[in-house]
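J.: What follows is work-v1.txt, compact mmCIF, C-alpha atoms.
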# COMPACT_ATOMS: atom_id res chain seq x y z
CA MET W 210 28.62 -18.19 -10.08
CA VAL W 211 27.32 -14.86 -8.79
CA LEU W 212 23.91 -16.42 -8.15
CA PHE W 213 25.51 -19.31 -6.29
CA VAL W 214 27.43 -16.97 -3.99
CA VAL W 215 24.34 -14.84 -3.33
CA PHE W 216 22.07 -17.76 -2.47
CA ALA W 217 24.78 -19.56 -0.51
CA LEU W 218 25.31 -16.45 1.62
CA ILE W 219 21.56 -16.09 2.16
CA ALA W 220 21.35 -19.75 3.19
CA ILE W 221 24.23 -19.47 5.65
CA VAL W 222 23.04 -16.19 7.17
CA ALA W 223 19.53 -17.60 7.55
CA ALA W 224 20.90 -20.78 9.13
CA VAL W 225 22.88 -18.74 11.65
CA GLY W 226 19.77 -16.64 12.25
CA VAL W 227 17.78 -19.77 13.14
CA ILE W 228 20.12 -20.76 15.93
CA ILE W 229 20.85 -17.33 17.41
CA SER W 230 17.38 -15.78 17.38
CA ARG W 231 15.91 -15.11 20.79
CA ARG W 232 12.31 -15.51 19.67
CA PRO W 233 11.23 -18.86 18.18
CA ILE W 234 9.02 -17.11 15.63
CA TYR W 235 12.06 -15.37 14.13
CA SER W 236 13.79 -18.73 14.03
CA ALA W 237 10.88 -20.19 12.07
CA LEU W 238 10.94 -17.31 9.58
CA PHE W 239 14.72 -17.60 9.14
CA LEU W 240 14.15 -21.30 8.52
CA LEU W 241 11.75 -20.39 5.73
CA LEU W 242 14.42 -18.14 4.18
CA ASN W 243 16.94 -20.96 4.40
CA PHE W 244 14.58 -23.38 2.66
CA ALA W 245 13.78 -20.85 -0.08
CA SER W 246 17.43 -20.20 -0.89
CA LEU W 247 18.05 -23.94 -1.02
CA ALA W 248 15.21 -24.21 -3.53
CA ALA W 249 17.03 -21.67 -5.70
CA LEU W 250 20.19 -23.77 -5.44
CA TYR W 251 18.22 -26.84 -6.55
CA ILE W 252 17.21 -24.99 -9.70
CA MET W 253 20.88 -24.26 -10.32
CA LEU W 254 21.50 -28.02 -10.05
CA GLN W 255 18.92 -28.80 -12.76
CA ALA W 256 16.52 -30.20 -10.16
CA GLN W 257 13.42 -28.17 -10.95
CA PHE W 258 10.97 -30.69 -9.54
CA LEU W 259 12.91 -30.88 -6.30
CA ALA W 260 12.85 -27.08 -6.04
CA ALA W 261 9.08 -27.06 -6.37
CA VAL W 262 8.69 -29.87 -3.83
CA GLN W 263 11.09 -28.06 -1.49
CA VAL W 264 8.96 -24.92 -1.55
CA ILE W 265 5.69 -26.81 -1.19
CA VAL W 266 6.67 -29.39 1.44
CA TYR W 267 9.25 -27.51 3.50
CA GLY W 268 8.09 -23.93 3.00
CA GLY W 269 4.41 -24.73 2.82
CA ALA W 270 3.95 -27.58 5.26
CA ILE W 271 6.82 -27.89 7.70
CA VAL W 272 7.40 -24.19 8.41
CA VAL W 273 3.65 -23.62 8.76
CA LEU W 274 3.52 -26.50 11.23
CA PHE W 275 6.36 -24.92 13.21
CA LEU W 276 4.60 -21.56 13.15
CA PHE W 277 1.38 -23.18 14.40
CA VAL W 278 3.17 -24.69 17.37
CA VAL W 279 5.06 -21.46 18.13
CA MET W 280 1.81 -19.50 18.02
CA LEU W 281 0.09 -22.05 20.27
CA LEU W 282 2.86 -21.73 22.82
CA GLY W 283 3.10 -17.96 22.61
CA GLY W 284 6.35 -16.65 21.20
CA GLY W 285 8.07 -15.22 24.23
CA GLU W 286 11.77 -14.52 24.43
CA LEU W 287 14.00 -17.47 25.18
CA ASN W 288 17.03 -17.27 27.37
CA ASP W 289 18.42 -20.68 26.68
CA ILE W 290 21.61 -19.49 24.96
CA ARG W 291 23.03 -17.11 27.47
CA ASP W 292 23.82 -18.77 30.76
CA THR W 293 25.53 -15.84 32.44
CA ASN W 294 26.38 -17.68 35.63
CA ARG W 295 29.22 -19.62 34.05
CA PRO W 296 31.84 -18.60 31.48
CA PHE W 297 31.32 -19.84 27.96
CA LEU W 298 33.76 -22.75 27.87
CA GLN W 299 32.76 -24.18 31.24
CA ARG W 300 29.21 -24.70 30.06
CA PHE W 301 30.44 -27.72 28.13
CA GLY W 302 32.12 -30.70 29.68
CA TRP W 303 33.38 -33.53 27.51
CA GLN W 304 31.46 -32.07 24.57
CA ARG W 305 34.16 -29.51 23.83
CA PHE W 306 36.79 -32.18 23.20
CA VAL W 307 34.45 -34.04 20.88
CA ALA W 308 33.67 -30.74 19.15
CA VAL W 309 37.34 -29.96 18.59
CA GLY W 310 37.92 -33.44 17.19
CA LEU W 311 34.95 -33.26 14.86
CA GLY W 312 35.92 -29.74 13.77
CA VAL W 313 39.45 -30.82 12.86
CA LEU W 314 38.00 -33.78 10.99
CA MET W 315 35.64 -31.56 9.02
CA VAL W 316 38.28 -28.97 8.13
CA ALA W 317 40.62 -31.75 7.05
CA GLY W 318 37.94 -33.33 4.90
CA LEU W 319 36.92 -30.05 3.30
CA GLY W 320 40.54 -29.06 2.70
CA TYR W 321 41.32 -32.42 1.13
CA GLY W 322 38.28 -32.12 -1.11
CA LEU W 323 39.18 -28.61 -2.21
CA VAL W 324 42.90 -29.33 -2.73
CA THR W 325 42.47 -32.49 -4.73
CA GLY W 326 40.07 -30.65 -6.99
CA GLU W 327 37.12 -32.02 -8.89
CA LEU W 328 35.49 -35.34 -8.22
CA SER W 329 35.99 -38.25 -10.54
CA ALA W 330 34.55 -37.71 -13.97
CA VAL W 331 32.19 -40.69 -14.06
CA GLN W 332 29.25 -39.51 -16.12
CA GLY W 333 25.73 -40.86 -16.32
CA ASP W 334 23.35 -40.64 -19.22
CA PRO W 335 22.31 -37.03 -19.91
CA ALA W 336 19.15 -38.23 -21.64
CA ALA W 337 18.06 -40.24 -18.61
CA PHE W 338 18.85 -37.30 -16.32
CA GLY W 339 16.48 -35.21 -18.41
CA GLN W 340 17.17 -31.87 -16.67
CA GLY W 341 15.60 -33.24 -13.49
CA SER W 342 12.14 -32.87 -14.95
CA VAL W 343 9.00 -34.46 -13.56
CA GLN W 344 9.03 -36.94 -16.42
CA ALA W 345 12.59 -38.10 -15.73
CA ILE W 346 11.92 -38.49 -12.00
CA GLY W 347 8.55 -40.14 -12.49
CA SER W 348 9.79 -42.73 -14.97
CA VAL W 349 12.40 -43.91 -12.46
CA LEU W 350 10.26 -43.50 -9.34
CA TYR W 351 7.39 -45.63 -10.64
CA THR W 352 9.58 -48.42 -12.03
CA ASP W 353 12.87 -48.96 -10.18
CA TYR W 354 11.73 -47.36 -6.93
CA LEU W 355 8.16 -48.62 -6.80
CA LEU W 356 8.59 -50.52 -3.52
CA PRO W 357 10.23 -47.58 -1.65
CA PHE W 358 7.48 -45.36 -3.03
CA GLU W 359 4.77 -47.61 -1.61
CA LEU W 360 6.61 -47.92 1.70
CA ALA W 361 6.79 -44.11 1.88
CA SER W 362 3.00 -43.99 1.69
CA VAL W 363 2.79 -46.43 4.61
CA LEU W 364 5.27 -44.27 6.54
CA LEU W 365 3.15 -41.17 5.94
CA LEU W 366 0.05 -43.04 7.12
CA VAL W 367 1.83 -44.16 10.29
CA GLY W 368 3.06 -40.60 10.86
CA MET W 369 -0.45 -39.23 10.46
CA ILE W 370 -1.99 -41.75 12.87
CA GLY W 371 0.85 -41.19 15.32
CA ALA W 372 0.39 -37.43 15.30
CA VAL W 373 -3.37 -37.76 15.85
CA VAL W 374 -2.93 -40.23 18.71
CA LEU W 375 -0.21 -38.17 20.41
CA ALA W 376 -1.94 -34.81 20.06
CA ARG W 377 -5.27 -36.09 21.40
CA PRO W 378 -6.12 -34.61 24.80
CA PRO W 379 -5.95 -37.14 27.64
CA GLU W 380 -9.20 -38.85 28.59
CA MET J 246 29.32 -23.35 -14.14
CA VAL J 247 29.80 -23.78 -10.41
CA PRO J 248 32.12 -26.62 -9.34
CA THR J 249 30.37 -29.44 -7.51
CA SER J 250 32.78 -29.18 -4.59
CA TYR J 251 31.42 -25.70 -3.79
CA PHE J 252 27.98 -27.16 -3.29
CA LEU J 253 29.43 -29.91 -1.10
CA VAL J 254 31.30 -27.36 1.04
CA LEU J 255 28.16 -25.25 1.37
CA SER J 256 26.14 -28.24 2.52
CA ALA J 257 28.87 -29.19 5.00
CA VAL J 258 28.77 -25.68 6.46
CA LEU J 259 24.97 -25.76 6.71
CA PHE J 260 25.14 -29.18 8.36
CA VAL J 261 27.62 -27.92 10.94
CA ILE J 262 25.47 -24.88 11.71
CA GLY J 263 22.54 -27.23 12.27
CA ALA J 264 24.64 -29.44 14.54
CA LEU J 265 25.73 -26.35 16.49
CA GLY J 266 22.08 -25.46 16.96
CA VAL J 267 21.34 -28.91 18.37
CA LEU J 268 24.29 -28.70 20.75
CA LEU J 269 23.94 -25.09 21.92
CA ARG J 270 20.21 -24.50 22.19
CA ARG J 271 18.07 -26.01 24.91
CA ASN J 272 14.69 -25.12 23.42
CA VAL J 273 13.09 -28.17 21.88
CA LEU J 274 11.55 -26.25 18.96
CA ILE J 275 14.87 -24.68 17.95
CA ILE J 276 16.56 -28.07 18.18
CA PHE J 277 13.87 -29.46 15.89
CA MET J 278 14.46 -26.68 13.36
CA SER J 279 18.20 -27.38 13.46
CA VAL J 280 17.55 -31.04 12.70
CA GLU J 281 15.49 -29.97 9.70
CA MET J 282 18.37 -27.78 8.50
CA MET J 283 20.75 -30.73 8.78
CA LEU J 284 18.39 -32.86 6.70
CA ASN J 285 18.29 -30.07 4.12
CA ALA J 286 22.08 -29.91 3.96
CA VAL J 287 22.19 -33.64 3.21
CA ASN J 288 19.54 -33.15 0.54
CA LEU J 289 21.73 -30.52 -1.10
CA THR J 290 24.60 -33.01 -1.19
CA PHE J 291 22.40 -35.58 -2.90
CA ALA J 292 21.19 -33.08 -5.48
CA ALA J 293 24.70 -31.77 -6.19
CA LEU J 294 26.12 -35.25 -6.74
CA ALA J 295 23.10 -36.25 -8.83
CA TYR J 296 23.86 -33.32 -11.10
CA HIS J 297 27.58 -34.04 -11.11
CA PHE J 298 27.18 -37.68 -12.15
CA LEU J 299 24.04 -37.00 -14.22
CA GLN J 300 22.20 -39.70 -12.29
CA ILE J 301 18.55 -39.11 -11.48
CA HIS J 302 18.70 -41.59 -8.55
CA GLY J 303 20.13 -38.96 -6.21
CA GLN J 304 17.04 -36.84 -6.68
CA ILE J 305 14.82 -39.83 -5.83
CA PHE J 306 16.73 -40.08 -2.56
CA VAL J 307 16.01 -36.42 -1.84
CA LEU J 308 12.31 -37.10 -2.32
CA MET J 309 12.48 -40.01 0.14
CA VAL J 310 14.29 -37.84 2.70
CA MET J 311 11.59 -35.20 2.32
CA VAL J 312 8.87 -37.81 2.99
CA VAL J 313 10.66 -38.95 6.14
CA ALA J 314 11.21 -35.35 7.26
CA ALA J 315 7.53 -34.49 6.82
CA ALA J 316 6.42 -37.54 8.84
CA GLU J 317 9.08 -36.82 11.46
CA VAL J 318 7.97 -33.21 11.93
CA ALA J 319 4.32 -34.19 12.30
CA VAL J 320 5.04 -36.82 14.96
CA GLY J 321 7.77 -34.78 16.66
CA LEU J 322 5.66 -31.67 17.05
CA ALA J 323 2.82 -33.81 18.43
CA ILE J 324 5.26 -35.18 21.01
CA VAL J 325 6.38 -31.62 21.82
CA MET J 326 2.78 -30.56 22.32
CA SER J 327 2.01 -33.44 24.65
CA VAL J 328 5.23 -32.84 26.61
CA ILE J 329 4.27 -29.19 27.01
CA ARG J 330 0.81 -30.24 28.19
CA HIS J 331 2.33 -32.41 30.90
CA LYS J 332 5.39 -30.39 31.97
CA ASP J 333 4.55 -26.85 30.80
CA THR J 334 8.05 -26.19 29.46
CA THR J 335 9.94 -26.27 26.16
CA ASN J 336 13.36 -26.52 27.79
CA ILE J 337 14.78 -30.01 27.36
CA GLU J 338 16.76 -29.71 30.58
CA ASP J 339 13.46 -29.95 32.44
CA VAL J 340 12.27 -33.00 30.52
CA ASN J 341 14.22 -35.89 32.01
CA LEU J 342 11.59 -38.59 32.43
CA LEU J 343 13.81 -41.25 30.90
CA LYS J 344 16.91 -40.25 32.84
CA GLY J 345 17.65 -43.07 35.25
Mind converting the file's structure to structure tokens?
T.:
Amino acid sequence: MVLFVVFALIAIVAAVGVIISRRPIYSALFLLLNFASLAALYIMLQAQFLAAVQVIVYGGAIVVLFLFVVMLLGGGELNDIRDTNRPFLQRFGWQRFVAVGLGVLMVAGLGYGLVTGELSAVQGDPAAFGQGSVQAIGSVLYTDYLLPFELASVLLLVGMIGAVVLARPPE
Amino acid sequence: MVPTSYFLVLSAVLFVIGALGVLLRRNVLIIFMSVEMMLNAVNLTFAALAYHFLQIHGQIFVLMVMVVAAAEVAVGLAIVMSVIRHKDTTNIEDVNLLKG
């Protein structure tokens, strides 16, 4: 419980840091902190393989990609939050009504979930869950989910080709 | 033993912070990072419910989301780079080519 609170607070603080930082490089580093604390939460949820993949893919690939782009652009200060010409509320038009509606909806949903207590007690097979190990994931991924697995490889290929085509300098 | 609903509330809060980032910031890189945070919040929901119901299928879904996120970041950052090459800005207010 103590570990959950600690890592949840780190995740929330890092998430807030991402969206309020003035320099994009700080945002990228806060994002890394957010991903790392989520990896710790995955371990708490018996998802060890997911925690490792989270660190490798998100921390190792995605954040590094962000840092590359930030470094290429030069990490100057951004002034896109503070628009001092207009007061805070007038910067949003119809969005603020939608935001209030969505906020009420979220608080209602969260309150309902917390008041009514635990979710239904439908339980799966603990042996098949296998502590979220590589073996348990692999035996399902390569049998039941073989087609989505193959399609994911096609998606990655398309993403790779798309990135190369888009990033190529114009003729 | 942490109740599953705590994990769900945490992921809802993270998702809302990500949505706030998309709505409030005008820098395309920060918006991208916020989208990644929202995807991560959904991943946490999947993992928490997989553990709650002791079903490994939720974790498979998280893997699929990670694949899509990786491909999305690669293509998206390439688009950002080419937009910057043409318009020399990262502010999405200045990028309105498709606005009629």
J.: Can you work out which residues from chain J touch chain W at a cut-off of 8 Å (counting all atoms listed in the file) and hand them back as a ChimeraX atom specification?
T.: /J:246-250,254-255,258-259,262-263,265-266,269-272,274-275,278-279,282,285,289,292-293,296-302,304-305,307-309,311-313,315-324,326-327,336
J.: Mind giving me the straight-line distance from CA of Ser348 in chain W to CA of Leu284 in chain J in Å, one decimal?
T.: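 One can read the CA of Ser348 in chain W to CA of Leu284 in chain J distance as 25.3 Å.
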J.: Any idea what the distance is between CA of Val307 in chain W and CA of Leu342 in chain J?
T.: 26.0 Å
J.: How many Å separate CA of Thr335 in chain J from CA of Val273 in chain J?
T.: 5.6 Å
